[in-house]
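So the structure is just underneath, and the comments pick up after that.
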Amino acid sequence: MTPAHRRALDLPKSSRLGNTEEEIIPAAGSYHDISPRRMVHCPALPLFQKASHAPGKPWSPPGSAPAETADQRERCCPSVRASTHQLGEPRTFEIPVVYGGEHGPDLGETARFLGVTEAEVVRLHSAAPLVMRCYGSPGGAPMLDGPAFGLPIPRRSSPRPHVAAGSVAVAGRQAVVSARPAPGGWAVIGRTPLILVDPASEQISAYRPGDLFVFRAIDADRWDDFDGRSLLPVGGDPHG
């Protein structure tokens with residue numbers, strides 16, 4: 001465990017896991033401040049919404065105060081304010097994905113849960129850009145708004161001990177692309193051959209909260225066309 005992670009565990013309970021938005025917001029700022037390279041920050045509250053809540057809207061627990069305005073949120077947490085103001089205009093990232101088969105072992109189960117074909121799951125997942133809300137686990141994975149499936153996707157009853165880097169997964173009303181190999185319980189519906197993060201680089205990843213992710217289905221025989229290439233925004237400038 002790194003010193004930064006130890007400091008995170010030593011934070012007051014209300015800073016680690018809040019039940020109201022007044023508690024949740026400082027949690028995001030504190031985590032941003034103690035994280036290595038200041039990589040993990042979450043200026044967008046929708047990550048903290050309940051899976052059953054409408055995507056893109058902050059969740060207010062029963063009995064809590066009304067959702068705060070953007071100005072109130074910024075006054076509450078200076079580090080969130082600084083992060084938000086430095087984000088700039090959103091960029092678009094195009095993700096080639098091999099859906100199903102060995103790369104997407106949960107595609108069939110996801111389709112059965114939704115009562116649609118596997119092809120329809122792929123169509124829905126790739127139909128519209130998904131907004132990145134936050135860096136997540138493992139290793140700087142982009143946490144995204146989920147596709148318009150109509151129903152929140154349940155997690156697996158038994159998590160996998162190993163999920164490969166590049167795995168494209170969904171759970172609740174959110175989506176993610178695994179940046180590094182790690183255990184996971186989300187439904188894996190595909191995988192991209194692109195490399196998302198480079199821990200040896202000063203800029204670990206090219207993406208940031210607010211960016212848009214567009215998924216594009218490719219055939220398995222095109223894997224080698226993209227294998228080993230780094231994920232860059234459309235246009236190629238990671239600093240745009």
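Please note that chains go A, B, ... in the order of the structure tokens, that every chain numbers its residues from 1, and that ligands are numbered from 1 in the order shown.
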What are the closest atom pairs, with distances in Å to one decimal, for all residues of segment 199-238 of chain A lying within 10 Å of segment 93-108 of chain A? Consider only C-alpha atoms, order rows by chain and residue number, and present the result as a Markdown table.
| residue | atom | partner | partner_atom | distance |
| --- | --- | --- | --- | --- |
| A:Ala206 | CA | A:Phe93 | CA | 9.3 |
| A:Tyr207 | CA | A:Phe93 | CA | 7.9 |
| A:Asp211 | CA | A:Phe93 | CA | 7.6 |
| A:Leu212 | CA | A:Phe93 | CA | 6.1 |
| A:Phe213 | CA | A:Phe93 | CA | 4.9 |
| A:Val214 | CA | A:Glu94 | CA | 4.8 |
| A:Phe215 | CA | A:Ile95 | CA | 4.7 |
| A:Arg216 | CA | A:Pro96 | CA | 4.8 |
| A:Ala217 | CA | A:Val97 | CA | 4.9 |
| A:Ile218 | CA | A:Val98 | CA | 5.3 |
| A:Asp219 | CA | A:Val98 | CA | 6.0 |
| A:Ala220 | CA | A:Val98 | CA | 5.8 |
| A:Asp221 | CA | A:Val98 | CA | 9.2 |
| A:Arg222 | CA | A:Val98 | CA | 8.7 |
| A:Trp223 | CA | A:Val98 | CA | 7.7 |
| A:Phe226 | CA | A:Pro96 | CA | 8.0 |
| A:Leu231 | CA | A:Phe93 | CA | 7.4 |
| A:Leu232 | CA | A:Phe93 | CA | 6.5 |
| A:Pro233 | CA | A:Phe93 | CA | 4.6 |
| A:Val234 | CA | A:Phe93 | CA | 5.7 |
| A:Gly235 | CA | A:Phe93 | CA | 9.3 |
| A:Gly236 | CA | A:Phe93 | CA | 9.5 |
Kindly indicate which residue among A:Val176, A:Val170, A:Val131, A:Ile195 lies nearest to Ile153 of chain A, using only C-alpha atoms for the distances. A:Val170
Enter the distance from atom CA of Pro159 of chain A to atom CA of Gly184 of chain A, in Å, rounded to one decimal.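 Separation of atom CA of Pro159 of chain A and atom CA of Gly184 of chain A: 5.4 Å.
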Between atom CA of Asp145 of chain A and atom CA of Ile204 of chain A, what is the spacing in Å?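 One can read the atom CA of Ile204 of chain A to atom CA of Asp145 of chain A distance as 21.8 Å.
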Segment 133-152 of chain A residues near segment 113-126 of chain A within 7 Å, closest pair each, using only C-alpha atoms, as a tab-separated table:
residue	atom	partner	partner_atom	distance
A:Pro147	CA	A:His125	CA	5.2
A:Ala148	CA	A:Leu124	CA	6.4
A:Phe149	CA	A:Leu124	CA	6.6
With only C-alpha atoms as the atoms that count, which of A:Gly210, A:Arg191, A:Pro154, A:Gly88 lies nearest to Cys134 of chain A?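 Once distances to Cys134 of chain A are computed over only C-alpha atoms, the minimum belongs to A:Gly210.
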DSSP on the backbone, then: every residue of segment 171-234 of chain A marked helix (DSSP H, G or I), written as a PDB file with N, CA, C and O atoms, in the first residue's frame.
ATOM      1  N   ALA A 220     -12.507  -9.411 -35.329  1.00  0.00           N
ATOM      2  CA  ALA A 220     -11.354  -9.925 -34.593  1.00  0.00           C
ATOM      3  C   ALA A 220     -10.100  -9.971 -35.452  1.00  0.00           C
ATOM      4  O   ALA A 220      -8.978  -9.809 -34.942  1.00  0.00           O
ATOM      5  N   ASP A 221     -10.264 -10.166 -36.762  1.00  0.00           N
ATOM      6  CA  ASP A 221      -9.082 -10.259 -37.623  1.00  0.00           C
ATOM      7  C   ASP A 221      -8.409  -8.902 -37.855  1.00  0.00           C
ATOM      8  O   ASP A 221      -7.355  -8.834 -38.496  1.00  0.00           O
ATOM      9  N   ARG A 222      -9.001  -7.825 -37.316  1.00  0.00           N
ATOM     10  CA  ARG A 222      -8.374  -6.501 -37.408  1.00  0.00           C
ATOM     11  C   ARG A 222      -7.650  -6.117 -36.112  1.00  0.00           C
ATOM     12  O   ARG A 222      -7.137  -5.001 -35.990  1.00  0.00           O
ATOM     13  N   TRP A 223      -7.591  -7.030 -35.152  1.00  0.00           N
ATOM     14  CA  TRP A 223      -6.947  -6.744 -33.866  1.00  0.00           C
ATOM     15  C   TRP A 223      -5.522  -6.227 -34.064  1.00  0.00           C
ATOM     16  O   TRP A 223      -5.116  -5.232 -33.463  1.00  0.00           O
ATOM     17  N   ASP A 224      -4.751  -6.916 -34.906  1.00  0.00           N
ATOM     18  CA  ASP A 224      -3.350  -6.541 -35.092  1.00  0.00           C
ATOM     19  C   ASP A 224      -3.183  -5.162 -35.714  1.00  0.00           C
ATOM     20  O   ASP A 224      -2.112  -4.549 -35.581  1.00  0.00           O
ATOM     21  N   ASP A 225      -4.211  -4.653 -36.377  1.00  0.00           N
ATOM     22  CA  ASP A 225      -4.119  -3.314 -36.961  1.00  0.00           C
ATOM     23  C   ASP A 225      -3.990  -2.233 -35.898  1.00  0.00           C
ATOM     24  O   ASP A 225      -3.463  -1.138 -36.175  1.00  0.00           O
ATOM     25  N   PHE A 226      -4.483  -2.516 -34.694  1.00  0.00           N
ATOM     26  CA  PHE A 226      -4.493  -1.519 -33.621  1.00  0.00           C
ATOM     27  C   PHE A 226      -3.639  -1.924 -32.424  1.00  0.00           C
ATOM     28  O   PHE A 226      -3.381  -1.091 -31.549  1.00  0.00           O
TER      29      PHE A 226
END
